[in-house]
Amino acid sequence: MKIGILAIQGDFEAHARALEKLGVPFVFVRAPEDLQDVDALILPGGESTTHMKMLAETGLEDAIRKMAASGGAFFGTCAGAILLAREVKGPAQQSLGLIDMTVVRNAYGRQLSSEVLMLPTKLRDEPMEMVFIRAPVIEKTGSGVEVLAEREGKPVLVQQGRVMASTFHPELSSDTSIHERFINMAGSGTRHTKK
Ligand code: GLN
């Protein structure tokens, strides 16, 4: 299985450090040809409007849609989660629509610094550190979306089939359990164009 990290903008280096820590090889994805043979793609935090614009300009948007259609796995954090959402508000913008949820950008207030919370998840018994930076709020999820963690009654970690999204930044915490879950999920599924 080949893992890619979208590396056109934002905090992709932090995801690279998390995968290095797990000893999992990866490639940085900056152009459609970098997605060749990639089975699982991480979409980092950053600025989702800039990201979406650059995805369209580079041709990566089409390449990602093709990868999704052939069963690729995806994990979006913060801005990456916004890119994966079916609907984006605050303001409305284009997205990839790979997970059935509505997100509202910057909806926890206009905090400039990060907020670090310890919150429960379905992944294990102990709470997990979650770093929120100008995070979106997941306002609504479809019935096919599993909610793995919540903050103030709103989902912050979700999964639908082979697509995971978090509104916080697991790549900025030393705990690698969410990346491990993604890698296990991506590795256990099938991408039907691949052997
Ligand atoms: N506020 C950013 C956006 O709406 C996301 C912030 C982040 O990824 N840390 O695109």
# chains A, B, ... in the order shown; residues from 1 in each chain; ligands from 1
call {"tool": "residues_near_ligand", "arguments": {"ligand": "ligand 1", "cutoff": "10 Å", "atoms": "only C-alpha atoms and all ligand atoms", "output": "ChimeraX atom specification"}}
result
/A:10-11,43-52,76-83,88-91,103-108,110,114,131-136,167-169
call {"tool": "select_by_dssp", "arguments": {"residues": "chain A", "states": "strand (DSSP E or B)", "output": "ChimeraX atom specification"}}
result
/A:3-6,27-29,40-43,73-77,85-89,99-104,115-119,121,128-132,137-141,146-151,154-160,163-166
call {"tool": "residues_around", "arguments": {"residues": "Glu57 (chain A)", "least_positions_apart": "4", "cutoff": "12 Å", "atoms": "only C-alpha atoms", "output": "compact mmCIF listing (two decimals) with C-alpha atoms, in the first residue's frame"}}
result
# COMPACT_ATOMS: atom_id res chain seq x y z
CA ILE A 8 0.73 21.93 -1.75
CA ARG A 30 2.02 18.00 -5.48
CA ALA A 31 0.89 17.03 -8.97
CA PRO A 32 -1.48 14.42 -10.49
CA THR A 50 -6.39 28.16 -1.17
CA HIS A 51 -6.20 24.38 -1.15
CA MET A 52 -9.32 23.96 -3.29
CA LYS A 53 -8.11 26.57 -5.77
CA GLU A 61 -8.92 17.67 -8.07
CA ASP A 62 -9.75 15.36 -11.00
CA ALA A 63 -7.01 12.92 -10.02
call {"tool": "residues_around", "arguments": {"residues": "Pro127 (chain A)", "least_positions_apart": "2", "cutoff": "12 Å", "atoms": "only C-alpha atoms", "output": "JSON, numbers by chain"}}
result
{"A": [117, 118, 119, 120, 121, 122, 123, 124, 125, 129, 130, 148, 149, 150, 151, 175, 177]}
call {"tool": "write_last_selection", "arguments": {"atoms": "all heavy atoms", "output": "compact mmCIF listing (two decimals), in the first residue's frame"}}
result
# COMPACT_ATOMS: atom_id res chain seq x y z
N LEU A 117 -7.60 20.34 23.91
CA LEU A 117 -8.57 19.73 24.82
C LEU A 117 -8.29 18.23 24.93
O LEU A 117 -7.77 17.63 23.99
CB LEU A 117 -10.00 19.92 24.28
CG LEU A 117 -10.45 21.36 24.02
CD1 LEU A 117 -11.82 21.38 23.35
CD2 LEU A 117 -10.50 22.15 25.32
N MET A 118 -8.65 17.67 26.09
CA MET A 118 -8.60 16.21 26.25
C MET A 118 -10.04 15.73 26.16
O MET A 118 -10.87 16.09 27.00
CB MET A 118 -8.03 15.84 27.62
CG MET A 118 -6.56 16.21 27.84
SD MET A 118 -5.41 15.37 26.74
CE MET A 118 -5.52 13.67 27.32
N LEU A 119 -10.35 14.95 25.14
CA LEU A 119 -11.74 14.53 24.93
C LEU A 119 -11.82 13.03 24.70
O LEU A 119 -10.88 12.42 24.17
CB LEU A 119 -12.32 15.27 23.71
CG LEU A 119 -12.48 16.79 23.83
CD1 LEU A 119 -12.92 17.38 22.51
CD2 LEU A 119 -13.48 17.14 24.92
N PRO A 120 -12.98 12.44 25.08
CA PRO A 120 -13.14 11.00 24.86
C PRO A 120 -13.33 10.67 23.37
O PRO A 120 -13.80 11.52 22.61
CB PRO A 120 -14.40 10.66 25.65
CG PRO A 120 -15.14 11.93 25.81
CD PRO A 120 -14.14 13.06 25.73
N THR A 121 -12.94 9.47 23.00
CA THR A 121 -13.18 8.99 21.63
C THR A 121 -13.65 7.55 21.71
O THR A 121 -13.53 6.91 22.75
CB THR A 121 -11.89 8.99 20.77
OG1 THR A 121 -11.08 7.90 21.20
CG2 THR A 121 -11.13 10.29 20.87
N LYS A 122 -14.13 7.03 20.59
CA LYS A 122 -14.52 5.61 20.53
C LYS A 122 -13.31 4.72 20.28
O LYS A 122 -13.43 3.51 20.21
CB LYS A 122 -15.54 5.40 19.41
CG LYS A 122 -16.93 5.86 19.74
CD LYS A 122 -17.89 5.25 18.73
CE LYS A 122 -19.29 5.82 18.90
NZ LYS A 122 -20.13 5.45 17.75
N LEU A 123 -12.13 5.34 20.12
CA LEU A 123 -10.95 4.55 19.76
C LEU A 123 -10.36 3.79 20.95
O LEU A 123 -9.72 2.76 20.78
CB LEU A 123 -9.86 5.46 19.16
CG LEU A 123 -9.89 5.66 17.64
CD1 LEU A 123 -11.22 6.15 17.14
CD2 LEU A 123 -8.77 6.57 17.20
N ARG A 124 -10.55 4.33 22.14
CA ARG A 124 -10.01 3.68 23.35
C ARG A 124 -10.65 4.31 24.58
O ARG A 124 -11.41 5.28 24.46
CB ARG A 124 -8.49 3.84 23.38
CG ARG A 124 -8.08 5.31 23.36
CD ARG A 124 -6.67 5.48 23.87
NE ARG A 124 -6.43 6.87 24.14
CZ ARG A 124 -5.45 7.58 23.60
NH1 ARG A 124 -4.62 7.02 22.75
NH2 ARG A 124 -5.30 8.84 23.92
N ASP A 125 -10.33 3.76 25.75
CA ASP A 125 -10.98 4.22 26.98
C ASP A 125 -10.50 5.61 27.43
O ASP A 125 -11.30 6.43 27.85
CB ASP A 125 -10.73 3.23 28.13
CG ASP A 125 -11.51 1.94 27.91
OD1 ASP A 125 -12.47 1.98 27.10
OD2 ASP A 125 -11.15 0.92 28.51
N GLU A 129 -5.68 13.80 23.38
CA GLU A 129 -5.37 15.22 23.19
C GLU A 129 -5.82 15.65 21.79
O GLU A 129 -5.54 14.97 20.81
CB GLU A 129 -3.86 15.44 23.31
CG GLU A 129 -3.47 16.90 23.13
CD GLU A 129 -1.97 17.10 23.19
OE1 GLU A 129 -1.42 17.14 24.31
OE2 GLU A 129 -1.34 17.20 22.13
N MET A 130 -6.53 16.78 21.73
CA MET A 130 -7.00 17.29 20.43
C MET A 130 -6.65 18.76 20.31
O MET A 130 -7.04 19.58 21.14
CB MET A 130 -8.51 17.11 20.30
CG MET A 130 -8.95 15.66 20.35
SD MET A 130 -10.71 15.47 20.04
CE MET A 130 -10.92 13.75 20.52
N LEU A 148 -16.82 9.28 15.72
CA LEU A 148 -15.85 8.62 16.60
C LEU A 148 -15.47 9.48 17.81
O LEU A 148 -14.93 9.00 18.78
CB LEU A 148 -14.59 8.26 15.81
CG LEU A 148 -14.81 7.26 14.66
CD1 LEU A 148 -13.59 7.18 13.77
CD2 LEU A 148 -15.16 5.89 15.21
N ALA A 149 -15.75 10.80 17.73
CA ALA A 149 -15.50 11.69 18.86
C ALA A 149 -16.32 12.96 18.67
O ALA A 149 -16.62 13.34 17.53
CB ALA A 149 -14.01 12.04 18.96
N GLU A 150 -16.67 13.56 19.79
CA GLU A 150 -17.46 14.80 19.75
C GLU A 150 -16.86 15.85 20.67
O GLU A 150 -16.19 15.52 21.65
CB GLU A 150 -18.89 14.53 20.26
CG GLU A 150 -19.74 13.73 19.33
CD GLU A 150 -21.15 13.54 19.88
OE1 GLU A 150 -21.37 13.71 21.11
OE2 GLU A 150 -22.03 13.21 19.08
N ARG A 151 -17.13 17.11 20.35
CA ARG A 151 -16.82 18.23 21.25
C ARG A 151 -18.10 19.03 21.38
O ARG A 151 -18.66 19.45 20.34
CB ARG A 151 -15.70 19.08 20.61
CG ARG A 151 -15.51 20.43 21.29
CD ARG A 151 -14.44 21.26 20.60
NE ARG A 151 -14.40 22.58 21.17
CZ ARG A 151 -13.61 23.56 20.76
NH1 ARG A 151 -12.78 23.35 19.73
NH2 ARG A 151 -13.64 24.73 21.33
N ASP A 175 0.53 11.56 20.23
CA ASP A 175 -0.27 10.34 20.12
C ASP A 175 -0.53 10.01 18.64
O ASP A 175 -1.07 10.84 17.91
CB ASP A 175 -1.60 10.65 20.83
CG ASP A 175 -2.48 9.43 20.97
OD1 ASP A 175 -2.39 8.53 20.13
OD2 ASP A 175 -3.28 9.42 21.93
N SER A 177 -2.39 7.38 17.52
CA SER A 177 -3.45 6.37 17.32
C SER A 177 -4.39 6.65 16.14
O SER A 177 -4.88 5.71 15.53
CB SER A 177 -4.29 6.13 18.56
OG SER A 177 -3.98 6.96 19.60
call {"tool": "residues_around", "arguments": {"residues": "Ser95 (chain A)", "least_positions_apart": "2", "cutoff": "7 Å", "atoms": "only C-alpha atoms", "output": "number ranges by chain"}}
result
A: 52, 83-86, 93, 97
call {"tool": "write_last_selection", "arguments": {"atoms": "all heavy atoms", "output": "PDB file, in the first residue's frame"}}
result
ATOM      1  N   MET A  52      -8.358  24.352  -2.248  1.00  0.00           N
ATOM      2  CA  MET A  52      -9.324  23.958  -3.285  1.00  0.00           C
ATOM      3  C   MET A  52      -8.942  24.588  -4.623  1.00  0.00           C
ATOM      4  O   MET A  52      -9.007  23.940  -5.663  1.00  0.00           O
ATOM      5  CB  MET A  52     -10.726  24.394  -2.837  1.00  0.00           C
ATOM      6  CG  MET A  52     -11.851  23.587  -3.400  1.00  0.00           C
ATOM      7  SD  MET A  52     -11.702  21.805  -3.093  1.00  0.00           S
ATOM      8  CE  MET A  52     -12.319  21.167  -4.642  1.00  0.00           C
ATOM      9  N   LEU A  83     -12.234  20.090   2.878  1.00  0.00           N
ATOM     10  CA  LEU A  83     -12.145  19.661   1.472  1.00  0.00           C
ATOM     11  C   LEU A  83     -12.951  18.394   1.218  1.00  0.00           C
ATOM     12  O   LEU A  83     -13.516  18.214   0.148  1.00  0.00           O
ATOM     13  CB  LEU A  83     -10.685  19.392   1.079  1.00  0.00           C
ATOM     14  CG  LEU A  83      -9.710  20.552   1.132  1.00  0.00           C
ATOM     15  CD1 LEU A  83      -8.328  20.094   0.710  1.00  0.00           C
ATOM     16  CD2 LEU A  83     -10.165  21.683   0.229  1.00  0.00           C
ATOM     17  N   LEU A  84     -12.993  17.500   2.206  1.00  0.00           N
ATOM     18  CA  LEU A  84     -13.677  16.215   2.021  1.00  0.00           C
ATOM     19  C   LEU A  84     -15.190  16.314   2.191  1.00  0.00           C
ATOM     20  O   LEU A  84     -15.922  15.421   1.762  1.00  0.00           O
ATOM     21  CB  LEU A  84     -13.135  15.187   3.028  1.00  0.00           C
ATOM     22  CG  LEU A  84     -11.678  14.748   2.838  1.00  0.00           C
ATOM     23  CD1 LEU A  84     -11.255  13.820   3.974  1.00  0.00           C
ATOM     24  CD2 LEU A  84     -11.491  14.043   1.497  1.00  0.00           C
ATOM     25  N   ALA A  85     -15.668  17.389   2.821  1.00  0.00           N
ATOM     26  CA  ALA A  85     -17.107  17.495   3.150  1.00  0.00           C
ATOM     27  C   ALA A  85     -17.981  17.596   1.901  1.00  0.00           C
ATOM     28  O   ALA A  85     -17.553  18.092   0.869  1.00  0.00           O
ATOM     29  CB  ALA A  85     -17.327  18.710   4.031  1.00  0.00           C
ATOM     30  N   ARG A  86     -19.214  17.136   2.040  1.00  0.00           N
ATOM     31  CA  ARG A  86     -20.175  17.278   0.935  1.00  0.00           C
ATOM     32  C   ARG A  86     -20.623  18.727   0.795  1.00  0.00           C
ATOM     33  O   ARG A  86     -20.810  19.234  -0.294  1.00  0.00           O
ATOM     34  CB  ARG A  86     -21.399  16.375   1.193  1.00  0.00           C
ATOM     35  CG  ARG A  86     -22.415  16.381   0.064  1.00  0.00           C
ATOM     36  CD  ARG A  86     -23.581  15.440   0.336  1.00  0.00           C
ATOM     37  NE  ARG A  86     -24.219  15.682   1.632  1.00  0.00           N
ATOM     38  CZ  ARG A  86     -25.021  16.716   1.901  1.00  0.00           C
ATOM     39  NH1 ARG A  86     -25.298  17.603   0.979  1.00  0.00           N
ATOM     40  NH2 ARG A  86     -25.551  16.856   3.110  1.00  0.00           N
ATOM     41  N   GLN A  93     -18.276  27.085  -0.150  1.00  0.00           N
ATOM     42  CA  GLN A  93     -17.229  26.931  -1.168  1.00  0.00           C
ATOM     43  C   GLN A  93     -17.256  25.516  -1.720  1.00  0.00           C
ATOM     44  O   GLN A  93     -17.861  24.620  -1.147  1.00  0.00           O
ATOM     45  CB  GLN A  93     -15.850  27.299  -0.610  1.00  0.00           C
ATOM     46  CG  GLN A  93     -15.325  26.362   0.446  1.00  0.00           C
ATOM     47  CD  GLN A  93     -14.001  26.825   1.045  1.00  0.00           C
ATOM     48  OE1 GLN A  93     -13.671  28.005   1.031  1.00  0.00           O
ATOM     49  NE2 GLN A  93     -13.244  25.897   1.583  1.00  0.00           N
ATOM     50  N   GLY A  97     -16.536  16.525  -1.645  1.00  0.00           N
ATOM     51  CA  GLY A  97     -17.760  15.772  -1.383  1.00  0.00           C
ATOM     52  C   GLY A  97     -17.542  14.279  -1.174  1.00  0.00           C
ATOM     53  O   GLY A  97     -18.339  13.466  -1.616  1.00  0.00           O
TER      54      GLY A  97
END
call {"tool": "residues_around", "arguments": {"residues": "Ile138 (chain A)", "least_positions_apart": "6", "cutoff": "7 Å", "atoms": "only C-alpha atoms", "output": "mmCIF file with all heavy atoms, in the first residue's frame"}}
result
data_model
loop_
_atom_site.group_PDB
_atom_site.id
_atom_site.type_symbol
_atom_site.label_atom_id
_atom_site.label_comp_id
_atom_site.auth_asym_id
_atom_site.auth_seq_id
_atom_site.Cartn_x
_atom_site.Cartn_y
_atom_site.Cartn_z
ATOM 1 N N MET A 101 -21.199 15.096 5.003
ATOM 2 C CA MET A 101 -21.335 15.993 6.162
ATOM 3 C C MET A 101 -21.335 17.450 5.704
ATOM 4 O O MET A 101 -20.830 17.779 4.631
ATOM 5 C CB MET A 101 -20.199 15.764 7.172
ATOM 6 C CG MET A 101 -18.817 16.080 6.659
ATOM 7 S SD MET A 101 -17.574 15.778 7.959
ATOM 8 C CE MET A 101 -16.061 16.215 7.104
ATOM 9 N N THR A 102 -21.945 18.292 6.559
ATOM 10 C CA THR A 102 -21.930 19.736 6.338
ATOM 11 C C THR A 102 -20.998 20.343 7.372
ATOM 12 O O THR A 102 -21.133 20.067 8.568
ATOM 13 C CB THR A 102 -23.352 20.322 6.532
ATOM 14 O OG1 THR A 102 -24.215 19.685 5.591
ATOM 15 C CG2 THR A 102 -23.378 21.827 6.303
ATOM 16 N N VAL A 103 -20.033 21.153 6.918
ATOM 17 C CA VAL A 103 -19.129 21.811 7.863
ATOM 18 C C VAL A 103 -19.287 23.321 7.761
ATOM 19 O O VAL A 103 -19.575 23.858 6.699
ATOM 20 C CB VAL A 103 -17.639 21.438 7.630
ATOM 21 C CG1 VAL A 103 -17.405 19.952 7.783
ATOM 22 C CG2 VAL A 103 -17.136 21.893 6.277
ATOM 23 N N VAL A 104 -19.101 23.991 8.910
ATOM 24 C CA VAL A 104 -19.125 25.449 8.947
ATOM 25 C C VAL A 104 -17.728 25.903 9.329
ATOM 26 O O VAL A 104 -17.216 25.531 10.389
ATOM 27 C CB VAL A 104 -20.155 25.970 9.974
ATOM 28 C CG1 VAL A 104 -20.276 27.486 9.867
ATOM 29 C CG2 VAL A 104 -21.498 25.308 9.780
ATOM 30 N N LYS A 154 -20.925 18.111 19.106
ATOM 31 C CA LYS A 154 -20.742 18.128 17.643
ATOM 32 C C LYS A 154 -19.592 17.196 17.276
ATOM 33 O O LYS A 154 -18.544 17.194 17.952
ATOM 34 C CB LYS A 154 -20.380 19.540 17.149
ATOM 35 C CG LYS A 154 -21.435 20.586 17.425
ATOM 36 C CD LYS A 154 -22.574 20.464 16.441
ATOM 37 C CE LYS A 154 -23.520 21.647 16.590
ATOM 38 N NZ LYS A 154 -24.803 21.366 15.950
ATOM 39 N N PRO A 155 -19.737 16.435 16.188
ATOM 40 C CA PRO A 155 -18.669 15.511 15.797
ATOM 41 C C PRO A 155 -17.354 16.232 15.510
ATOM 42 O O PRO A 155 -17.351 17.324 14.936
ATOM 43 C CB PRO A 155 -19.191 14.885 14.495
ATOM 44 C CG PRO A 155 -20.650 15.154 14.475
ATOM 45 C CD PRO A 155 -20.868 16.409 15.258
ATOM 46 N N VAL A 156 -16.242 15.632 15.925
ATOM 47 C CA VAL A 156 -14.909 16.183 15.605
ATOM 48 C C VAL A 156 -14.022 15.135 14.919
ATOM 49 O O VAL A 156 -12.977 15.466 14.372
ATOM 50 C CB VAL A 156 -14.186 16.764 16.849
ATOM 51 C CG1 VAL A 156 -14.891 18.017 17.334
ATOM 52 C CG2 VAL A 156 -14.063 15.732 17.975
#
call {"tool": "residues_around", "arguments": {"residues": "Met1 (chain A)", "least_positions_apart": "5", "cutoff": "9 Å", "atoms": "only C-alpha atoms", "output": "list in words"}}
result
Asp37, Val38, Asp39, Ala40, Ala186 and Gly187 of chain A
